[in-house]
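File shown: run_34.csv. Contents: CSV, N, CA and C atoms.
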```csv
chain,number,residue,atom,x,y,z
O,226,MET,N,20.4,-23.2,-9.5
O,226,MET,CA,21.2,-23.0,-10.7
O,226,MET,C,20.5,-22.2,-11.7
O,227,LYS,N,21.2,-21.1,-12.1
O,227,LYS,CA,20.6,-20.1,-13.0
O,227,LYS,C,20.5,-20.7,-14.4
O,228,THR,N,19.5,-20.2,-15.1
O,228,THR,CA,19.2,-20.7,-16.4
O,228,THR,C,20.3,-20.4,-17.4
O,229,VAL,N,21.1,-19.4,-17.1
O,229,VAL,CA,22.2,-19.0,-18.0
O,229,VAL,C,23.2,-20.2,-18.2
O,230,TRP,N,23.2,-21.1,-17.3
O,230,TRP,CA,24.1,-22.3,-17.4
O,230,TRP,C,23.7,-23.1,-18.6
O,231,TRP,N,22.5,-23.0,-19.0
O,231,TRP,CA,22.0,-23.9,-20.1
O,231,TRP,C,22.0,-23.2,-21.5
O,232,LYS,N,22.3,-22.0,-21.5
O,232,LYS,CA,22.4,-21.3,-22.8
O,232,LYS,C,23.4,-21.9,-23.7
O,233,GLY,N,23.0,-22.3,-24.9
O,233,GLY,CA,23.9,-22.9,-25.9
O,233,GLY,C,24.3,-24.3,-25.6
O,234,VAL,N,23.7,-25.0,-24.6
O,234,VAL,CA,24.2,-26.3,-24.2
O,234,VAL,C,23.2,-27.4,-24.8
O,235,ASP,N,23.8,-28.4,-25.5
O,235,ASP,CA,23.0,-29.5,-26.0
O,235,ASP,C,22.3,-30.3,-24.9
O,236,LYS,N,21.2,-30.8,-25.2
O,236,LYS,CA,20.5,-31.6,-24.2
O,236,LYS,C,21.3,-32.7,-23.6
O,237,ASP,N,22.1,-33.4,-24.4
O,237,ASP,CA,22.9,-34.5,-23.9
O,237,ASP,C,24.1,-34.0,-23.0
O,238,GLN,N,24.3,-32.7,-22.9
O,238,GLN,CA,25.4,-32.2,-22.0
O,238,GLN,C,24.8,-31.7,-20.7
O,239,GLU,N,23.5,-31.6,-20.6
O,239,GLU,CA,22.9,-31.0,-19.4
O,239,GLU,C,23.2,-31.8,-18.2
O,240,ASP,N,23.0,-33.1,-18.2
O,240,ASP,CA,23.2,-33.9,-17.0
O,240,ASP,C,24.6,-33.9,-16.5
O,241,PRO,N,25.7,-34.0,-17.4
O,241,PRO,CA,27.0,-33.9,-16.9
O,241,PRO,C,27.3,-32.5,-16.3
O,242,ILE,N,26.8,-31.5,-16.9
O,242,ILE,CA,27.0,-30.1,-16.3
O,242,ILE,C,26.4,-30.0,-15.0
O,243,ARG,N,25.1,-30.5,-14.8
O,243,ARG,CA,24.4,-30.5,-13.5
O,243,ARG,C,25.2,-31.3,-12.5
O,244,GLU,N,25.8,-32.4,-12.9
O,244,GLU,CA,26.6,-33.2,-11.9
O,244,GLU,C,27.8,-32.5,-11.5
O,245,TYR,N,28.5,-31.9,-12.4
O,245,TYR,CA,29.8,-31.1,-12.1
O,245,TYR,C,29.4,-30.0,-11.2
O,246,TYR,N,28.3,-29.3,-11.4
O,246,TYR,CA,27.9,-28.2,-10.6
O,246,TYR,C,27.6,-28.7,-9.2
O,247,ILE,N,26.9,-29.8,-9.0
O,247,ILE,CA,26.7,-30.3,-7.7
O,247,ILE,C,27.9,-30.8,-7.0
O,248,GLN,N,28.8,-31.5,-7.7
O,248,GLN,CA,30.1,-32.0,-7.2
O,248,GLN,C,31.0,-30.8,-6.7
O,249,GLY,N,30.8,-29.7,-7.4
O,249,GLY,CA,31.7,-28.5,-7.1
O,249,GLY,C,31.2,-27.6,-5.9
O,250,LEU,N,30.3,-28.1,-5.1
O,250,LEU,CA,29.7,-27.3,-4.1
O,250,LEU,C,30.8,-26.7,-3.1
O,251,GLN,N,31.7,-27.5,-2.7
O,251,GLN,CA,32.7,-27.0,-1.7
O,251,GLN,C,33.6,-26.0,-2.4
O,252,MET,N,33.9,-26.2,-3.7
O,252,MET,CA,34.8,-25.3,-4.4
O,252,MET,C,34.0,-24.0,-4.6
O,253,ARG,N,32.7,-24.0,-4.9
O,253,ARG,CA,31.9,-22.8,-5.1
O,253,ARG,C,31.8,-22.0,-3.8
O,254,LYS,N,31.7,-22.8,-2.7
O,254,LYS,CA,31.6,-22.1,-1.4
O,254,LYS,C,32.9,-21.4,-1.1
O,255,ARG,N,34.0,-22.0,-1.4
O,255,ARG,CA,35.3,-21.4,-1.1
O,255,ARG,C,35.5,-20.2,-2.1
O,256,MET,N,35.1,-20.3,-3.3
O,256,MET,CA,35.2,-19.3,-4.3
O,256,MET,C,34.4,-18.1,-3.8
O,257,LYS,N,33.2,-18.3,-3.3
O,257,LYS,CA,32.4,-17.2,-2.8
O,257,LYS,C,33.1,-16.5,-1.7
O,258,VAL,N,33.7,-17.2,-0.8
O,258,VAL,CA,34.4,-16.5,0.3
O,258,VAL,C,35.6,-15.6,-0.3
O,259,ILE,N,36.3,-16.2,-1.2
O,259,ILE,CA,37.4,-15.4,-1.8
O,259,ILE,C,36.9,-14.2,-2.5
O,260,LEU,N,35.8,-14.3,-3.3
O,260,LEU,CA,35.2,-13.2,-4.0
O,260,LEU,C,34.7,-12.1,-3.1
O,261,ASN,N,34.1,-12.6,-2.0
O,261,ASN,CA,33.6,-11.6,-1.0
O,261,ASN,C,34.7,-10.9,-0.3
O,262,GLU,N,35.9,-11.6,-0.1
O,262,GLU,CA,37.0,-10.9,0.4
O,262,GLU,C,37.6,-9.8,-0.6
O,263,GLU,N,37.5,-10.2,-1.8
O,263,GLU,CA,37.9,-9.2,-2.9
O,263,GLU,C,37.0,-8.0,-2.8
O,264,ILE,N,35.7,-8.2,-2.7
O,264,ILE,CA,34.8,-7.1,-2.7
O,264,ILE,C,35.1,-6.2,-1.4
O,265,GLU,N,35.3,-6.9,-0.3
O,265,GLU,CA,35.6,-6.1,0.9
O,265,GLU,C,36.9,-5.3,0.7
O,266,SER,N,37.9,-5.9,0.1
O,266,SER,CA,39.1,-5.2,-0.2
O,266,SER,C,38.9,-3.9,-1.1
O,267,LEU,N,38.1,-4.1,-2.1
O,267,LEU,CA,37.8,-3.0,-3.0
O,267,LEU,C,37.0,-1.9,-2.3
O,268,HIS,N,36.1,-2.3,-1.4
O,268,HIS,CA,35.3,-1.3,-0.6
O,268,HIS,C,36.3,-0.5,0.3
O,269,ASN,N,37.2,-1.2,0.9
O,269,ASN,CA,38.2,-0.5,1.8
O,269,ASN,C,39.1,0.4,1.0
O,270,ASP,N,39.5,-0.1,-0.2
O,270,ASP,CA,40.3,0.8,-1.1
O,270,ASP,C,39.6,2.0,-1.5
O,271,MET,N,38.3,1.9,-1.7
O,271,MET,CA,37.5,3.1,-2.1
O,271,MET,C,37.5,4.2,-1.0
O,272,LEU,N,37.7,3.8,0.2
O,272,LEU,CA,37.7,4.7,1.3
O,272,LEU,C,39.1,5.2,1.7
O,273,ASN,N,40.1,4.8,0.9
O,273,ASN,CA,41.5,5.2,1.1
O,273,ASN,C,41.6,6.7,0.9
O,274,GLU,N,42.0,7.4,1.9
O,274,GLU,CA,42.1,8.9,1.8
O,274,GLU,C,43.0,9.4,0.6
O,275,ALA,N,44.0,8.6,0.3
O,275,ALA,CA,44.9,9.1,-0.8
O,275,ALA,C,44.1,9.2,-2.1
O,276,HIS,N,43.1,8.4,-2.4
O,276,HIS,CA,42.4,8.5,-3.6
O,276,HIS,C,41.6,9.8,-3.7
O,277,PHE,N,41.2,10.3,-2.6
O,277,PHE,CA,40.4,11.5,-2.6
O,277,PHE,C,41.2,12.7,-3.1
O,278,GLU,N,42.5,12.6,-3.0
O,278,GLU,CA,43.4,13.7,-3.4
O,278,GLU,C,43.7,13.6,-4.9
O,279,SER,N,43.3,12.5,-5.5
O,279,SER,CA,43.6,12.3,-7.0
O,279,SER,C,42.6,13.1,-7.8
O,280,PRO,N,43.1,13.7,-8.9
O,280,PRO,CA,42.2,14.4,-9.8
O,280,PRO,C,41.3,13.4,-10.6
O,281,ASN,N,41.7,12.2,-10.5
O,281,ASN,CA,41.0,11.1,-11.2
O,281,ASN,C,40.1,10.3,-10.2
O,282,TRP,N,39.8,10.9,-9.1
O,282,TRP,CA,39.0,10.2,-8.0
O,282,TRP,C,37.8,9.6,-8.6
O,283,ALA,N,37.0,10.3,-9.3
O,283,ALA,CA,35.7,9.7,-9.9
O,283,ALA,C,36.0,8.5,-10.7
O,284,LEU,N,37.0,8.6,-11.5
O,284,LEU,CA,37.3,7.4,-12.4
O,284,LEU,C,37.8,6.2,-11.6
O,285,VAL,N,38.6,6.4,-10.5
O,285,VAL,CA,39.0,5.4,-9.6
O,285,VAL,C,37.8,4.7,-9.0
O,286,GLN,N,36.9,5.6,-8.4
O,286,GLN,CA,35.7,5.0,-7.8
O,286,GLN,C,34.8,4.3,-8.7
O,287,ALA,N,34.7,4.8,-9.9
O,287,ALA,CA,33.9,4.1,-11.0
O,287,ALA,C,34.5,2.7,-11.3
O,288,ASP,N,35.8,2.7,-11.4
O,288,ASP,CA,36.5,1.4,-11.7
O,288,ASP,C,36.2,0.4,-10.6
O,289,ARG,N,36.4,0.9,-9.3
O,289,ARG,CA,36.2,0.0,-8.2
O,289,ARG,C,34.7,-0.6,-8.2
O,290,LEU,N,33.8,0.3,-8.4
O,290,LEU,CA,32.4,-0.1,-8.4
O,290,LEU,C,32.1,-1.1,-9.5
O,291,ALA,N,32.7,-0.9,-10.7
O,291,ALA,CA,32.5,-1.8,-11.8
O,291,ALA,C,33.1,-3.2,-11.4
O,292,GLN,N,34.3,-3.2,-10.8
O,292,GLN,CA,34.9,-4.5,-10.3
O,292,GLN,C,34.0,-5.2,-9.3
O,293,ILE,N,33.4,-4.4,-8.4
O,293,ILE,CA,32.5,-5.0,-7.4
O,293,ILE,C,31.3,-5.6,-8.1
O,294,LYS,N,30.7,-4.9,-9.0
O,294,LYS,CA,29.5,-5.3,-9.7
O,294,LYS,C,29.8,-6.6,-10.5
O,295,ALA,N,31.0,-6.7,-11.1
O,295,ALA,CA,31.4,-7.9,-11.8
O,295,ALA,C,31.6,-9.1,-10.9
O,296,LEU,N,32.2,-8.9,-9.7
O,296,LEU,CA,32.4,-9.9,-8.7
O,296,LEU,C,31.1,-10.4,-8.2
O,297,LYS,N,30.2,-9.5,-8.0
O,297,LYS,CA,28.8,-9.9,-7.5
O,297,LYS,C,28.1,-10.7,-8.5
O,298,ARG,N,28.3,-10.4,-9.8
O,298,ARG,CA,27.7,-11.2,-10.9
O,298,ARG,C,28.2,-12.6,-10.9
O,299,VAL,N,29.5,-12.8,-10.7
O,299,VAL,CA,30.1,-14.1,-10.6
O,299,VAL,C,29.5,-14.9,-9.4
O,300,ILE,N,29.4,-14.2,-8.3
O,300,ILE,CA,28.9,-14.8,-7.1
O,300,ILE,C,27.5,-15.3,-7.4
O,301,SER,N,26.7,-14.5,-8.1
O,301,SER,CA,25.3,-14.9,-8.4
O,301,SER,C,25.2,-16.1,-9.3
O,302,LEU,N,26.2,-16.3,-10.1
O,302,LEU,CA,26.3,-17.5,-11.0
O,302,LEU,C,26.7,-18.8,-10.3
O,303,ILE,N,27.5,-18.6,-9.2
O,303,ILE,CA,27.9,-19.9,-8.6
O,303,ILE,C,27.1,-20.3,-7.4
O,304,GLU,N,26.1,-19.4,-7.0
O,304,GLU,CA,25.3,-19.7,-5.9
O,304,GLU,C,24.2,-20.7,-6.3
```
Before anything else, please render the file you have as structure tokens.
Amino acid sequence: MKTVWWKGVDKDQEDPIREYYIQGLQMRKRMKVILNEEIESLHNDMLNEAHFESPNWALVQADRLAQIKALKRVISLIE
């Protein structure tokens, strides 16, 4: 569990948060699968030949990469 979970949390709230985190193991596992599927979809979309014809290709690629980065950040928080 990353230390960011404890930022701004009162000491009396730490135990309940830790318990919820542990109880949510199956939900976090499922969420990780879903997020990884989203990442795979974004990767596949980046390879879509139609995007290469767009004058905004670089912006589209940058947007996809930013989304992938954000999803990976969420995955790192729930692992």
Tell me, as a short mmCIF file (atom, residue, chain, number, x, y, z; two decimals) with N, CA and C atoms, in the coordinates of the input, which residues lie within 8 Å of Met256 in chain O, counting all atoms listed in the file; anything in the same chain fewer than 6 positions away does not count.
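Resulting contents of result.cif:
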```
data_model
loop_
_atom_site.label_atom_id
_atom_site.label_comp_id
_atom_site.auth_asym_id
_atom_site.auth_seq_id
_atom_site.Cartn_x
_atom_site.Cartn_y
_atom_site.Cartn_z
N LEU O 250 30.30 -28.10 -5.10
CA LEU O 250 29.70 -27.30 -4.10
C LEU O 250 30.80 -26.70 -3.10
N GLU O 262 35.90 -11.60 -0.10
CA GLU O 262 37.00 -10.90 0.40
C GLU O 262 37.60 -9.80 -0.60
N ILE O 300 29.40 -14.20 -8.30
CA ILE O 300 28.90 -14.80 -7.10
C ILE O 300 27.50 -15.30 -7.40
#
```
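Going from CA of Glu278 in chain O over to atom N of Ala295 in chain O, you cover 25.1 Å.
Rounded to one decimal, CA of Met271 in chain O and CA of Leu290 in chain O lie 8.7 Å from each other.
If you look at atom C of Val258 in chain O and atom C of Tyr246 in chain O, they are 17.7 Å away from each other.
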For range 227-240 of chain O, list every protein, DNA or RNA residue within 10 Å, evaluated using only C-alpha atoms, and leave out those in the same chain fewer than 5 positions away; present the list as JSON, numbers by chain.
{"O": [245, 246, 301, 302, 303, 304]}
Just want the 12 Å neighbourhood of Gln292 in chain O, counted on only C-alpha atoms, with same-chain residues fewer than 2 positions away dropped. Output as JSON, numbers by chain.
{"O": [260, 261, 263, 264, 265, 266, 267, 268, 270, 271, 285, 286, 287, 288, 289, 290, 294, 295, 296, 297, 298, 299]}
Determine which residues of chain O receive a DSSP assignment of alpha helix (DSSP H), computed from the backbone, and state them as a ChimeraX atom specification.
/O:236-248,250-271,274-277,282-303
With all heavy atoms as the goal, would you fill in the gaps in range 256-267 of chain O and present it as an mmCIF file, keeping the file's coordinate frame?
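Generated output (rebuild_14.cif):
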```cif
data_model
loop_
_atom_site.group_PDB
_atom_site.id
_atom_site.type_symbol
_atom_site.label_atom_id
_atom_site.label_comp_id
_atom_site.auth_asym_id
_atom_site.auth_seq_id
_atom_site.Cartn_x
_atom_site.Cartn_y
_atom_site.Cartn_z
ATOM 1 N N MET O 256 35.100 -20.300 -3.300
ATOM 2 C CA MET O 256 35.200 -19.300 -4.300
ATOM 3 C C MET O 256 34.400 -18.100 -3.800
ATOM 4 O O MET O 256 34.835 -16.912 -3.957
ATOM 5 C CB MET O 256 34.804 -19.704 -5.680
ATOM 6 C CG MET O 256 34.999 -18.630 -6.732
ATOM 7 S SD MET O 256 34.472 -19.134 -8.369
ATOM 8 C CE MET O 256 35.807 -20.254 -8.780
ATOM 9 N N LYS O 257 33.200 -18.300 -3.300
ATOM 10 C CA LYS O 257 32.400 -17.200 -2.800
ATOM 11 C C LYS O 257 33.100 -16.500 -1.700
ATOM 12 O O LYS O 257 33.018 -15.233 -1.651
ATOM 13 C CB LYS O 257 31.026 -17.776 -2.353
ATOM 14 C CG LYS O 257 30.070 -16.705 -1.933
ATOM 15 C CD LYS O 257 28.737 -17.279 -1.510
ATOM 16 C CE LYS O 257 27.844 -16.177 -0.968
ATOM 17 N NZ LYS O 257 26.584 -16.682 -0.459
ATOM 18 N N VAL O 258 33.700 -17.200 -0.800
ATOM 19 C CA VAL O 258 34.400 -16.500 0.300
ATOM 20 C C VAL O 258 35.600 -15.600 -0.300
ATOM 21 O O VAL O 258 35.714 -14.484 0.132
ATOM 22 C CB VAL O 258 35.029 -17.583 1.275
ATOM 23 C CG1 VAL O 258 36.024 -16.950 2.236
ATOM 24 C CG2 VAL O 258 33.911 -18.280 2.032
ATOM 25 N N ILE O 259 36.300 -16.200 -1.200
ATOM 26 C CA ILE O 259 37.400 -15.400 -1.800
ATOM 27 C C ILE O 259 36.900 -14.200 -2.500
ATOM 28 O O ILE O 259 37.421 -13.079 -2.391
ATOM 29 C CB ILE O 259 38.197 -16.320 -2.793
ATOM 30 C CG1 ILE O 259 38.926 -17.414 -2.017
ATOM 31 C CG2 ILE O 259 39.169 -15.492 -3.635
ATOM 32 C CD1 ILE O 259 39.492 -18.517 -2.896
ATOM 33 N N LEU O 260 35.800 -14.300 -3.300
ATOM 34 C CA LEU O 260 35.200 -13.200 -4.000
ATOM 35 C C LEU O 260 34.700 -12.100 -3.100
ATOM 36 O O LEU O 260 34.857 -10.944 -3.304
ATOM 37 C CB LEU O 260 34.151 -13.683 -4.985
ATOM 38 C CG LEU O 260 34.639 -14.558 -6.139
ATOM 39 C CD1 LEU O 260 33.460 -15.099 -6.926
ATOM 40 C CD2 LEU O 260 35.592 -13.810 -7.039
ATOM 41 N N ASN O 261 34.100 -12.600 -2.000
ATOM 42 C CA ASN O 261 33.600 -11.600 -1.000
ATOM 43 C C ASN O 261 34.700 -10.900 -0.300
ATOM 44 O O ASN O 261 34.618 -9.685 -0.007
ATOM 45 C CB ASN O 261 32.686 -12.293 0.040
ATOM 46 C CG ASN O 261 31.274 -12.461 -0.477
ATOM 47 O OD1 ASN O 261 30.720 -11.580 -1.125
ATOM 48 N ND2 ASN O 261 30.687 -13.605 -0.195
ATOM 49 N N GLU O 262 35.900 -11.600 -0.100
ATOM 50 C CA GLU O 262 37.000 -10.900 0.400
ATOM 51 C C GLU O 262 37.600 -9.800 -0.600
ATOM 52 O O GLU O 262 37.990 -8.762 -0.146
ATOM 53 C CB GLU O 262 38.124 -11.916 0.753
ATOM 54 C CG GLU O 262 37.819 -12.771 1.964
ATOM 55 C CD GLU O 262 38.803 -13.906 2.171
ATOM 56 O OE1 GLU O 262 39.694 -14.121 1.312
ATOM 57 O OE2 GLU O 262 38.677 -14.593 3.198
ATOM 58 N N GLU O 263 37.500 -10.200 -1.800
ATOM 59 C CA GLU O 263 37.900 -9.200 -2.900
ATOM 60 C C GLU O 263 37.000 -8.000 -2.800
ATOM 61 O O GLU O 263 37.491 -6.846 -2.967
ATOM 62 C CB GLU O 263 37.923 -9.856 -4.246
ATOM 63 C CG GLU O 263 39.039 -10.839 -4.471
ATOM 64 C CD GLU O 263 40.394 -10.153 -4.549
ATOM 65 O OE1 GLU O 263 40.503 -9.066 -5.143
ATOM 66 O OE2 GLU O 263 41.350 -10.706 -3.987
ATOM 67 N N ILE O 264 35.700 -8.200 -2.700
ATOM 68 C CA ILE O 264 34.800 -7.100 -2.700
ATOM 69 C C ILE O 264 35.100 -6.200 -1.400
ATOM 70 O O ILE O 264 35.068 -4.995 -1.545
ATOM 71 C CB ILE O 264 33.316 -7.645 -2.631
ATOM 72 C CG1 ILE O 264 32.961 -8.236 -3.995
ATOM 73 C CG2 ILE O 264 32.329 -6.540 -2.237
ATOM 74 C CD1 ILE O 264 31.646 -8.993 -4.023
ATOM 75 N N GLU O 265 35.300 -6.900 -0.300
ATOM 76 C CA GLU O 265 35.600 -6.100 0.900
ATOM 77 C C GLU O 265 36.900 -5.300 0.700
ATOM 78 O O GLU O 265 36.964 -4.115 1.141
ATOM 79 C CB GLU O 265 35.773 -7.058 2.091
ATOM 80 C CG GLU O 265 36.044 -6.375 3.405
ATOM 81 C CD GLU O 265 34.887 -5.532 3.912
ATOM 82 O OE1 GLU O 265 33.733 -5.821 3.550
ATOM 83 O OE2 GLU O 265 35.155 -4.571 4.654
ATOM 84 N N SER O 266 37.900 -5.900 0.100
ATOM 85 C CA SER O 266 39.100 -5.200 -0.200
ATOM 86 C C SER O 266 38.900 -3.900 -1.100
ATOM 87 O O SER O 266 39.452 -2.863 -0.861
ATOM 88 C CB SER O 266 40.131 -6.108 -0.815
ATOM 89 O OG SER O 266 41.296 -5.441 -1.186
ATOM 90 N N LEU O 267 38.100 -4.100 -2.100
ATOM 91 C CA LEU O 267 37.800 -3.000 -3.000
ATOM 92 C C LEU O 267 37.000 -1.900 -2.300
ATOM 93 O O LEU O 267 37.259 -0.719 -2.452
ATOM 94 C CB LEU O 267 36.946 -3.501 -4.194
ATOM 95 C CG LEU O 267 37.735 -4.315 -5.218
ATOM 96 C CD1 LEU O 267 36.799 -5.041 -6.166
ATOM 97 C CD2 LEU O 267 38.692 -3.417 -5.987
#
```
